[in-house]
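A.B. asks: Shown below is the structure under consideration.
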Amino acid sequence: ASTTPCERSPSSMLSKIATGAAILGACLSTADASVTGAPLRLRGGDRKYHIAGNWKLNPATIDEAKTLASAVVKSTKDCKRDMETTVCCPYPFLAAVADVCKGTKVSVGAEDVFTEDKGAFTGGVSTSMLKSVGVKYVLVGHSERRHGNIAAETNEVINLKVKKVLEAGLLPVLCVGETKDQYEAGKCTEVCAEQLEKGLAGISKDDMAKITIAYEPVWAIGTGLVATPEAAQEVHANIRSWLEKAYDKATADKVCIQYGGSVAPDNVDKLMACPDIDGALVGGAALIAEKFDRIIKFE
């Protein structure tokens with residue numbers, strides 16, 4: 001029997017990157033190359049592209065952070081596409097970066113948040129703290145917090161964070177994705193469905209419209225490996241299908257689903273051309289102004 005992209009091994013799937021243009025043909029066959037500089041959406045929904053940079057434990061100083069944020073602001077000034085651009089930076093830099101981005105096309109995001117509002121929680125940062133310094137988006141459930149790189153958060157904790165972010169009037173970016181072992185075992189769809197079901201437990205249809213989903217295959221994060229457009233599109237379509245079953249088609253069509261996993265200037269165009277890929281959560285390339293500029297201005 002034939003296998004789906006989610007059932008193939010990373011080495012087999014990634015060997016096809018060199019022929020990504022051919023793989024992408026199905027995504028492009030019914031679309032004009034551009035409309036006012038932006039690829040056509042191939043299915044329903046009123047979705048803007050959303051490119052977000054996740055700086056992680058970078059850069060080293062506040063001056064470097066302000067310089068990088070200034071470069072992103074400059075990049076968006078001559079970007080003609082109507083889209084959302086966000087920089088997610090470490091807590092100590094949030095206020096300064098928010099000042100740089102104030103009144104521009106660039107939003108500011110936090111890389112995490114704590115589940116409580118106040119109290120004896122050393123190192124915790126609350127939603128009210130984030131909101132007070134100009135944060136708009138909050139990453140929740142990033143793989144580096146799910147899988148023990150810096151924490152080992154459960155789906156239940158992640159769900160509490162999603163709700164806490166919404167209660168504060170901020171916008172969650174819920175990250176989902178499979179590990180290499182899960183991928184090789186053909187559990188990609190199953191893992192993502194479980195993370196969505198538990199991470200979105202108790203979330204209403206109205207609140208779902210405020211949430212961004214970021215699919216990040218864990219084996220591709222920071223490795224230089226990237227899912228082919230074909231494989232990424234299939235997972236994104238499965239996520240949208242899950243949302244349609246959990247809510248309805250109108251809600252599913254409105255949700256922005258980002259791809260995250262070694263997004264770079266040389267692969268962003270093909271990824272963004274796929275109908276269910278609405279943006280990118282960018283790691284390493286977001287720290288290099290020239291690379292992030294090219295990603296924002298994907299063709």
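Chain lettering (A, B, ...) mirrors the order of the structure tokens, residue numbering begins at 1 for each chain separately, and ligand numbering begins at 1 in order of display.
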Could you pull out the strand (DSSP E) residues of range 41-260 of chain A from DSSP and send them as an mmCIF file with all heavy atoms, in the first residue's frame?
C.D. replies:
```cif
data_model
loop_
_atom_site.group_PDB
_atom_site.id
_atom_site.type_symbol
_atom_site.label_atom_id
_atom_site.label_comp_id
_atom_site.auth_asym_id
_atom_site.auth_seq_id
_atom_site.Cartn_x
_atom_site.Cartn_y
_atom_site.Cartn_z
ATOM 1 N N HIS A 50 0.940 35.536 8.296
ATOM 2 C CA HIS A 50 1.538 35.970 9.558
ATOM 3 C C HIS A 50 2.938 35.365 9.680
ATOM 4 O O HIS A 50 3.085 34.156 9.835
ATOM 5 C CB HIS A 50 0.670 35.538 10.744
ATOM 6 C CG HIS A 50 1.150 36.035 12.064
ATOM 7 N ND1 HIS A 50 0.496 35.741 13.251
ATOM 8 C CD2 HIS A 50 2.214 36.832 12.418
ATOM 9 C CE1 HIS A 50 1.137 36.315 14.254
ATOM 10 N NE2 HIS A 50 2.182 36.965 13.775
ATOM 11 N N ILE A 51 3.949 36.213 9.572
ATOM 12 C CA ILE A 51 5.335 35.780 9.749
ATOM 13 C C ILE A 51 5.806 36.235 11.120
ATOM 14 O O ILE A 51 5.752 37.437 11.444
ATOM 15 C CB ILE A 51 6.262 36.388 8.669
ATOM 16 C CG1 ILE A 51 5.764 36.035 7.263
ATOM 17 C CG2 ILE A 51 7.698 35.913 8.881
ATOM 18 C CD1 ILE A 51 5.835 34.580 6.907
ATOM 19 N N ALA A 52 6.245 35.315 11.946
ATOM 20 C CA ALA A 52 6.703 35.632 13.296
ATOM 21 C C ALA A 52 8.119 35.110 13.508
ATOM 22 O O ALA A 52 8.427 33.979 13.124
ATOM 23 C CB ALA A 52 5.766 35.027 14.340
ATOM 24 N N GLY A 53 8.946 35.926 14.096
ATOM 25 C CA GLY A 53 10.291 35.501 14.459
ATOM 26 C C GLY A 53 10.349 35.129 15.926
ATOM 27 O O GLY A 53 9.896 35.898 16.787
ATOM 28 N N ASN A 54 10.853 33.946 16.219
ATOM 29 C CA ASN A 54 11.034 33.501 17.605
ATOM 30 C C ASN A 54 12.518 33.553 17.929
ATOM 31 O O ASN A 54 13.290 32.712 17.464
ATOM 32 C CB ASN A 54 10.479 32.076 17.762
ATOM 33 C CG ASN A 54 10.697 31.536 19.165
ATOM 34 O OD1 ASN A 54 10.941 32.284 20.116
ATOM 35 N ND2 ASN A 54 10.617 30.221 19.318
ATOM 36 N N GLU A 84 0.630 40.208 8.759
ATOM 37 C CA GLU A 84 1.031 40.424 10.138
ATOM 38 C C GLU A 84 2.490 39.997 10.297
ATOM 39 O O GLU A 84 2.896 38.932 9.822
ATOM 40 C CB GLU A 84 0.147 39.598 11.075
ATOM 41 C CG GLU A 84 0.370 39.844 12.548
ATOM 42 C CD GLU A 84 -0.392 41.041 13.092
ATOM 43 O OE1 GLU A 84 -1.051 41.741 12.290
ATOM 44 O OE2 GLU A 84 -0.319 41.279 14.305
ATOM 45 N N THR A 85 3.272 40.837 10.971
ATOM 46 C CA THR A 85 4.667 40.512 11.272
ATOM 47 C C THR A 85 4.887 40.671 12.771
ATOM 48 O O THR A 85 4.491 41.688 13.350
ATOM 49 C CB THR A 85 5.634 41.438 10.517
ATOM 50 O OG1 THR A 85 5.348 41.372 9.115
ATOM 51 C CG2 THR A 85 7.076 41.019 10.753
ATOM 52 N N THR A 86 5.492 39.673 13.386
ATOM 53 C CA THR A 86 5.682 39.676 14.840
ATOM 54 C C THR A 86 7.099 39.277 15.199
ATOM 55 O O THR A 86 7.694 38.422 14.541
ATOM 56 C CB THR A 86 4.702 38.688 15.507
ATOM 57 O OG1 THR A 86 3.356 39.034 15.146
ATOM 58 C CG2 THR A 86 4.822 38.707 17.025
ATOM 59 N N VAL A 87 7.629 39.903 16.239
ATOM 60 C CA VAL A 87 8.896 39.450 16.817
ATOM 61 C C VAL A 87 8.617 38.987 18.245
ATOM 62 O O VAL A 87 8.037 39.709 19.047
ATOM 63 C CB VAL A 87 9.984 40.549 16.803
ATOM 64 C CG1 VAL A 87 10.424 40.829 15.385
ATOM 65 C CG2 VAL A 87 9.502 41.837 17.454
ATOM 66 N N CYS A 88 8.986 37.745 18.535
ATOM 67 C CA CYS A 88 8.833 37.171 19.867
ATOM 68 C C CYS A 88 10.210 37.127 20.515
ATOM 69 O O CYS A 88 11.119 36.445 20.011
ATOM 70 C CB CYS A 88 8.252 35.765 19.780
ATOM 71 S SG CYS A 88 6.626 35.695 18.981
ATOM 72 N N CYS A 89 10.371 37.860 21.600
ATOM 73 C CA CYS A 89 11.711 37.995 22.183
ATOM 74 C C CYS A 89 11.715 37.655 23.670
ATOM 75 O O CYS A 89 10.654 37.560 24.302
ATOM 76 C CB CYS A 89 12.245 39.407 21.941
ATOM 77 S SG CYS A 89 11.289 40.721 22.710
ATOM 78 N N VAL A 106 4.837 46.143 12.977
ATOM 79 C CA VAL A 106 5.397 44.983 13.682
ATOM 80 C C VAL A 106 4.775 44.844 15.067
ATOM 81 O O VAL A 106 4.766 45.798 15.850
ATOM 82 C CB VAL A 106 6.921 45.094 13.808
ATOM 83 C CG1 VAL A 106 7.489 43.856 14.514
ATOM 84 C CG2 VAL A 106 7.560 45.266 12.435
ATOM 85 N N SER A 107 4.250 43.660 15.361
ATOM 86 C CA SER A 107 3.717 43.346 16.685
ATOM 87 C C SER A 107 4.793 42.652 17.521
ATOM 88 O O SER A 107 5.760 42.105 16.985
ATOM 89 C CB SER A 107 2.493 42.437 16.567
ATOM 90 O OG SER A 107 1.476 43.046 15.807
ATOM 91 N N VAL A 108 4.580 42.665 18.826
ATOM 92 C CA VAL A 108 5.539 42.043 19.739
ATOM 93 C C VAL A 108 4.895 40.844 20.423
ATOM 94 O O VAL A 108 3.729 40.897 20.841
ATOM 95 C CB VAL A 108 6.026 43.054 20.797
ATOM 96 C CG1 VAL A 108 6.963 42.389 21.796
ATOM 97 C CG2 VAL A 108 6.721 44.227 20.119
ATOM 98 N N GLY A 109 5.654 39.760 20.507
ATOM 99 C CA GLY A 109 5.167 38.554 21.157
ATOM 100 C C GLY A 109 6.106 38.098 22.251
ATOM 101 O O GLY A 109 7.314 38.351 22.196
ATOM 102 N N ALA A 110 5.559 37.427 23.242
ATOM 103 C CA ALA A 110 6.357 36.799 24.293
ATOM 104 C C ALA A 110 6.554 35.329 23.953
ATOM 105 O O ALA A 110 5.730 34.729 23.254
ATOM 106 C CB ALA A 110 5.667 36.933 25.648
ATOM 107 N N TYR A 137 1.038 39.034 21.145
ATOM 108 C CA TYR A 137 0.988 37.589 20.961
ATOM 109 C C TYR A 137 1.802 36.878 22.042
ATOM 110 O O TYR A 137 2.780 37.438 22.564
ATOM 111 C CB TYR A 137 1.548 37.192 19.594
ATOM 112 C CG TYR A 137 0.679 37.590 18.427
ATOM 113 C CD1 TYR A 137 0.904 38.787 17.737
ATOM 114 C CD2 TYR A 137 -0.375 36.773 18.007
ATOM 115 C CE1 TYR A 137 0.108 39.157 16.658
ATOM 116 C CE2 TYR A 137 -1.169 37.140 16.924
ATOM 117 C CZ TYR A 137 -0.919 38.332 16.260
ATOM 118 O OH TYR A 137 -1.711 38.696 15.201
ATOM 119 N N VAL A 138 1.417 35.631 22.336
ATOM 120 C CA VAL A 138 2.174 34.815 23.287
ATOM 121 C C VAL A 138 2.299 33.400 22.726
ATOM 122 O O VAL A 138 1.291 32.760 22.403
ATOM 123 C CB VAL A 138 1.481 34.746 24.668
ATOM 124 C CG1 VAL A 138 2.337 33.931 25.641
ATOM 125 C CG2 VAL A 138 1.234 36.144 25.222
ATOM 126 N N LEU A 139 3.528 32.924 22.592
ATOM 127 C CA LEU A 139 3.746 31.538 22.192
ATOM 128 C C LEU A 139 3.364 30.615 23.342
ATOM 129 O O LEU A 139 3.734 30.860 24.496
ATOM 130 C CB LEU A 139 5.213 31.295 21.824
ATOM 131 C CG LEU A 139 5.807 32.110 20.677
ATOM 132 C CD1 LEU A 139 7.254 31.671 20.432
ATOM 133 C CD2 LEU A 139 4.985 31.970 19.406
ATOM 134 N N VAL A 140 2.642 29.547 23.026
ATOM 135 C CA VAL A 140 2.226 28.577 24.042
ATOM 136 C C VAL A 140 2.505 27.176 23.506
ATOM 137 O O VAL A 140 2.137 26.845 22.375
ATOM 138 C CB VAL A 140 0.728 28.716 24.380
ATOM 139 C CG1 VAL A 140 0.334 27.698 25.440
ATOM 140 C CG2 VAL A 140 0.395 30.128 24.844
ATOM 141 N N LEU A 171 -3.249 37.322 22.394
ATOM 142 C CA LEU A 171 -3.506 36.337 21.340
ATOM 143 C C LEU A 171 -2.522 35.174 21.428
ATOM 144 O O LEU A 171 -1.312 35.371 21.265
ATOM 145 C CB LEU A 171 -3.410 37.003 19.969
ATOM 146 C CG LEU A 171 -4.339 38.205 19.759
ATOM 147 C CD1 LEU A 171 -4.090 38.836 18.388
ATOM 148 C CD2 LEU A 171 -5.799 37.809 19.909
ATOM 149 N N PRO A 172 -3.013 33.963 21.681
ATOM 150 C CA PRO A 172 -2.115 32.807 21.794
ATOM 151 C C PRO A 172 -1.683 32.287 20.422
ATOM 152 O O PRO A 172 -2.451 32.303 19.464
ATOM 153 C CB PRO A 172 -2.967 31.742 22.503
ATOM 154 C CG PRO A 172 -4.266 32.390 22.826
ATOM 155 C CD PRO A 172 -4.403 33.591 21.952
ATOM 156 N N VAL A 173 -0.451 31.809 20.362
ATOM 157 C CA VAL A 173 0.038 31.032 19.223
ATOM 158 C C VAL A 173 0.310 29.639 19.769
ATOM 159 O O VAL A 173 1.312 29.415 20.457
ATOM 160 C CB VAL A 173 1.312 31.633 18.604
ATOM 161 C CG1 VAL A 173 1.809 30.769 17.450
ATOM 162 C CG2 VAL A 173 1.060 33.065 18.133
ATOM 163 N N LEU A 174 -0.596 28.715 19.521
ATOM 164 C CA LEU A 174 -0.484 27.355 20.055
ATOM 165 C C LEU A 174 0.366 26.513 19.121
ATOM 166 O O LEU A 174 0.011 26.300 17.957
ATOM 167 C CB LEU A 174 -1.870 26.734 20.211
ATOM 168 C CG LEU A 174 -1.899 25.253 20.618
ATOM 169 C CD1 LEU A 174 -1.252 25.047 21.991
ATOM 170 C CD2 LEU A 174 -3.334 24.723 20.603
ATOM 171 N N CYS A 175 1.472 26.011 19.644
ATOM 172 C CA CYS A 175 2.405 25.211 18.847
ATOM 173 C C CYS A 175 2.095 23.725 19.003
ATOM 174 O O CYS A 175 1.881 23.238 20.125
ATOM 175 C CB CYS A 175 3.848 25.476 19.289
ATOM 176 S SG CYS A 175 4.349 27.216 19.187
ATOM 177 N N VAL A 176 2.060 23.017 17.892
ATOM 178 C CA VAL A 176 1.849 21.571 17.903
ATOM 179 C C VAL A 176 2.853 20.929 16.945
ATOM 180 O O VAL A 176 3.367 21.583 16.038
ATOM 181 C CB VAL A 176 0.409 21.189 17.484
ATOM 182 C CG1 VAL A 176 -0.620 21.813 18.418
ATOM 183 C CG2 VAL A 176 0.125 21.614 16.034
ATOM 184 N N THR A 212 -3.822 31.505 16.866
ATOM 185 C CA THR A 212 -3.001 31.045 15.742
ATOM 186 C C THR A 212 -2.448 29.673 16.100
ATOM 187 O O THR A 212 -2.052 29.435 17.246
ATOM 188 C CB THR A 212 -1.835 32.017 15.495
ATOM 189 O OG1 THR A 212 -2.366 33.294 15.119
ATOM 190 C CG2 THR A 212 -0.911 31.511 14.389
ATOM 191 N N ILE A 213 -2.433 28.764 15.141
ATOM 192 C CA ILE A 213 -1.814 27.454 15.327
ATOM 193 C C ILE A 213 -0.484 27.448 14.577
ATOM 194 O O ILE A 213 -0.415 27.902 13.432
ATOM 195 C CB ILE A 213 -2.704 26.320 14.774
ATOM 196 C CG1 ILE A 213 -4.099 26.344 15.421
ATOM 197 C CG2 ILE A 213 -2.027 24.958 14.983
ATOM 198 C CD1 ILE A 213 -4.108 26.081 16.900
ATOM 199 N N ALA A 214 0.558 26.970 15.230
ATOM 200 C CA ALA A 214 1.859 26.838 14.570
ATOM 201 C C ALA A 214 2.246 25.358 14.553
ATOM 202 O O ALA A 214 2.449 24.760 15.611
ATOM 203 C CB ALA A 214 2.925 27.651 15.296
ATOM 204 N N TYR A 215 2.310 24.780 13.345
ATOM 205 C CA TYR A 215 2.774 23.391 13.224
ATOM 206 C C TYR A 215 4.283 23.391 13.096
ATOM 207 O O TYR A 215 4.856 23.995 12.177
ATOM 208 C CB TYR A 215 2.159 22.712 11.997
ATOM 209 C CG TYR A 215 2.846 21.405 11.663
ATOM 210 C CD1 TYR A 215 2.855 20.355 12.584
ATOM 211 C CD2 TYR A 215 3.514 21.237 10.458
ATOM 212 C CE1 TYR A 215 3.509 19.166 12.294
ATOM 213 C CE2 TYR A 215 4.170 20.048 10.160
ATOM 214 C CZ TYR A 215 4.169 19.017 11.082
ATOM 215 O OH TYR A 215 4.827 17.847 10.800
ATOM 216 N N ILE A 257 -2.702 29.190 10.247
ATOM 217 C CA ILE A 257 -1.847 28.060 10.617
ATOM 218 C C ILE A 257 -0.449 28.315 10.057
ATOM 219 O O ILE A 257 -0.244 28.313 8.845
ATOM 220 C CB ILE A 257 -2.396 26.718 10.091
ATOM 221 C CG1 ILE A 257 -3.854 26.523 10.510
ATOM 222 C CG2 ILE A 257 -1.540 25.562 10.612
ATOM 223 C CD1 ILE A 257 -4.493 25.257 9.949
ATOM 224 N N GLN A 258 0.498 28.545 10.948
ATOM 225 C CA GLN A 258 1.884 28.801 10.560
ATOM 226 C C GLN A 258 2.661 27.495 10.460
ATOM 227 O O GLN A 258 2.340 26.506 11.129
ATOM 228 C CB GLN A 258 2.571 29.700 11.589
ATOM 229 C CG GLN A 258 1.967 31.072 11.759
ATOM 230 C CD GLN A 258 2.613 31.833 12.901
ATOM 231 O OE1 GLN A 258 2.881 31.278 13.968
ATOM 232 N NE2 GLN A 258 2.876 33.112 12.695
ATOM 233 N N TYR A 259 3.709 27.528 9.639
ATOM 234 C CA TYR A 259 4.668 26.419 9.612
ATOM 235 C C TYR A 259 5.945 26.867 10.306
ATOM 236 O O TYR A 259 6.442 27.977 10.069
ATOM 237 C CB TYR A 259 5.001 25.982 8.182
ATOM 238 C CG TYR A 259 6.122 24.972 8.152
ATOM 239 C CD1 TYR A 259 5.882 23.640 8.469
ATOM 240 C CD2 TYR A 259 7.432 25.362 7.889
ATOM 241 C CE1 TYR A 259 6.918 22.718 8.502
ATOM 242 C CE2 TYR A 259 8.468 24.449 7.912
ATOM 243 C CZ TYR A 259 8.212 23.130 8.225
ATOM 244 O OH TYR A 259 9.248 22.224 8.275
#
```
A.B. asks: Given only C-alpha atoms as the basis, pick out the residue of A:Val165, A:Ala250, A:Met272, A:Val157 nearest to Pro229 in chain A.
C.D. replies: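 Of all the options, A:Met272 lies closest to Pro229 in chain A.
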A.B. asks: Which residue gives the smallest distance to Ser262 in chain A among A:Lys249, A:Lys102, A:Lys291, A:Lys210, with only C-alpha atoms counted?
C.D. replies: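 Selected residue with least distance to Ser262 in chain A: A:Lys291.
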A.B. asks: If we count only C-alpha atoms and set the cut-off at 6 Å, which residues sit around range 70-83 of chain A, ignoring sequence neighbours fewer than 4 positions away in its own chain? Please answer as an NGL selection string.
C.D. replies: :A and (48-50 or 293)
A.B. asks: Which polymer residues have any atom within 10 Å of an atom of Pro92 in chain A, counting only C-alpha atoms, with same-chain residues fewer than 4 positions away left out, as a list in words?
C.D. replies: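 Selected residues are Thr61, Ile62, Ala65, Ala96 and Val97 of chain A.
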A.B. asks: Export, as a PDB file, in the first residue's frame, the selected residues with C-alpha atoms.
C.D. replies:
```
ATOM      1  CA  THR A  61      22.167  42.354  24.881  1.00  0.00           C
ATOM      2  CA  ILE A  62      19.325  44.848  24.816  1.00  0.00           C
ATOM      3  CA  ALA A  65      17.670  43.371  20.431  1.00  0.00           C
ATOM      4  CA  ALA A  96      12.471  48.010  24.708  1.00  0.00           C
ATOM      5  CA  VAL A  97      11.448  46.074  21.590  1.00  0.00           C
TER       6      VAL A  97
END
```
A.B. asks: Please determine, counting only C-alpha atoms, which residue among A:Tyr183, A:Asn155, A:Val113, A:Gln233 has the shortest atom-to-atom distance to Ala273 in chain A.
C.D. replies: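 Of the candidates, the smallest distance to Ala273 in chain A is held by A:Gln233.
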A.B. asks: A:Thr189, A:Val125, A:Ile239, A:Leu68: which is nearest Ala285 in chain A, counting only C-alpha atoms?
C.D. replies: A:Leu68
A.B. asks: Find the residue from A:Lys56, A:Lys180, A:Thr251, A:Asn238 that sits nearest to Leu281 in chain A; use only C-alpha atoms when measuring.
C.D. replies: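 Among the listed residues, A:Lys56 lies closest to Leu281 in chain A.
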A.B. asks: Where in range 46-180 of chain A does DSSP assign alpha helix (DSSP H), given as a ChimeraX atom specification?
C.D. replies: /A:62-77,94-101,127-132,143-146,155-167,180
A.B. asks: Which residues are near Ile221 in chain A? Cut-off 9 Å, only C-alpha atoms, ignore same chain within fewer than 4 positions. Put them as a list in words.
C.D. replies: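 Selected residues are Ser143, Glu216, Pro217, Leu225, Val226, Gly260, Gly261, Ser262, Val263 and Gly283 of chain A.
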A.B. asks: Only N, CA and C atoms, please: the residues just picked out, written as a PDB file, in the first residue's frame.
C.D. replies:
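Result file follows (result_24.pdb):
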```
ATOM      1  N   SER A 143       7.746  23.459  21.235  1.00  0.00           N
ATOM      2  CA  SER A 143       8.313  22.122  21.439  1.00  0.00           C
ATOM      3  C   SER A 143       9.455  22.126  22.443  1.00  0.00           C
ATOM      4  N   GLU A 216       4.945  22.731  14.032  1.00  0.00           N
ATOM      5  CA  GLU A 216       6.401  22.673  14.027  1.00  0.00           C
ATOM      6  C   GLU A 216       6.855  21.226  14.218  1.00  0.00           C
ATOM      7  N   PRO A 217       7.216  20.551  13.129  1.00  0.00           N
ATOM      8  CA  PRO A 217       7.776  19.204  13.282  1.00  0.00           C
ATOM      9  C   PRO A 217       9.069  19.302  14.085  1.00  0.00           C
ATOM     10  N   LEU A 225      16.834  20.884   8.619  1.00  0.00           N
ATOM     11  CA  LEU A 225      15.913  20.034   7.872  1.00  0.00           C
ATOM     12  C   LEU A 225      14.565  20.731   7.789  1.00  0.00           C
ATOM     13  N   VAL A 226      13.843  20.498   6.728  1.00  0.00           N
ATOM     14  CA  VAL A 226      12.535  21.132   6.569  1.00  0.00           C
ATOM     15  C   VAL A 226      11.613  20.173   5.834  1.00  0.00           C
ATOM     16  N   GLY A 260       6.495  26.011  11.150  1.00  0.00           N
ATOM     17  CA  GLY A 260       7.760  26.317  11.813  1.00  0.00           C
ATOM     18  C   GLY A 260       8.686  25.118  11.740  1.00  0.00           C
ATOM     19  N   GLY A 261       9.906  25.319  11.326  1.00  0.00           N
ATOM     20  CA  GLY A 261      10.852  24.209  11.217  1.00  0.00           C
ATOM     21  C   GLY A 261      11.913  24.515  10.193  1.00  0.00           C
ATOM     22  N   SER A 262      12.929  25.297  10.603  1.00  0.00           N
ATOM     23  CA  SER A 262      14.039  25.676   9.712  1.00  0.00           C
ATOM     24  C   SER A 262      13.551  26.409   8.460  1.00  0.00           C
ATOM     25  N   VAL A 263      12.579  27.309   8.648  1.00  0.00           N
ATOM     26  CA  VAL A 263      12.147  28.176   7.545  1.00  0.00           C
ATOM     27  C   VAL A 263      13.300  29.115   7.200  1.00  0.00           C
ATOM     28  N   GLY A 283      12.780  30.553  13.411  1.00  0.00           N
ATOM     29  CA  GLY A 283      13.759  30.530  14.488  1.00  0.00           C
ATOM     30  C   GLY A 283      15.054  31.213  14.112  1.00  0.00           C
TER      31      GLY A 283
END
```
A.B. asks: Glu116 in chain A: which residues within 12 Å, counting only C-alpha atoms, same-chain residues fewer than 5 positions away excluded, as a compact mmCIF listing (two decimals) with C-alpha atoms, in the first residue's frame?
C.D. replies:
```
# COMPACT_ATOMS: atom_id res chain seq x y z
CA PHE A 121 6.23 31.85 41.83
CA THR A 122 9.89 32.74 41.43
CA GLY A 123 10.72 33.35 37.79
CA GLY A 124 7.10 33.43 36.70
CA VAL A 125 5.81 36.11 34.33
CA SER A 126 2.08 36.87 34.20
CA THR A 127 -0.16 37.92 31.35
CA SER A 128 -0.78 41.30 33.00
CA MET A 129 2.98 41.93 33.05
CA VAL A 157 -0.62 23.04 31.42
CA LEU A 160 -4.28 26.57 31.07
CA LYS A 161 -1.85 28.96 29.38
CA LYS A 163 -6.99 30.22 28.47
CA LYS A 164 -4.94 32.61 30.58
CA VAL A 165 -3.65 34.43 27.50
CA GLU A 167 -8.54 36.02 29.45
CA ALA A 168 -5.97 38.82 29.37
```
A.B. asks: Which residues, written as a list of chain:residue names, have at least one atom at most 9 Å from Thr154 in chain A, with only C-alpha atoms counted and residues fewer than 5 positions away on the same chain left out?
C.D. replies: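 These residues fall inside the cut-off: A:Gly141, A:Arg146, A:Asn159.
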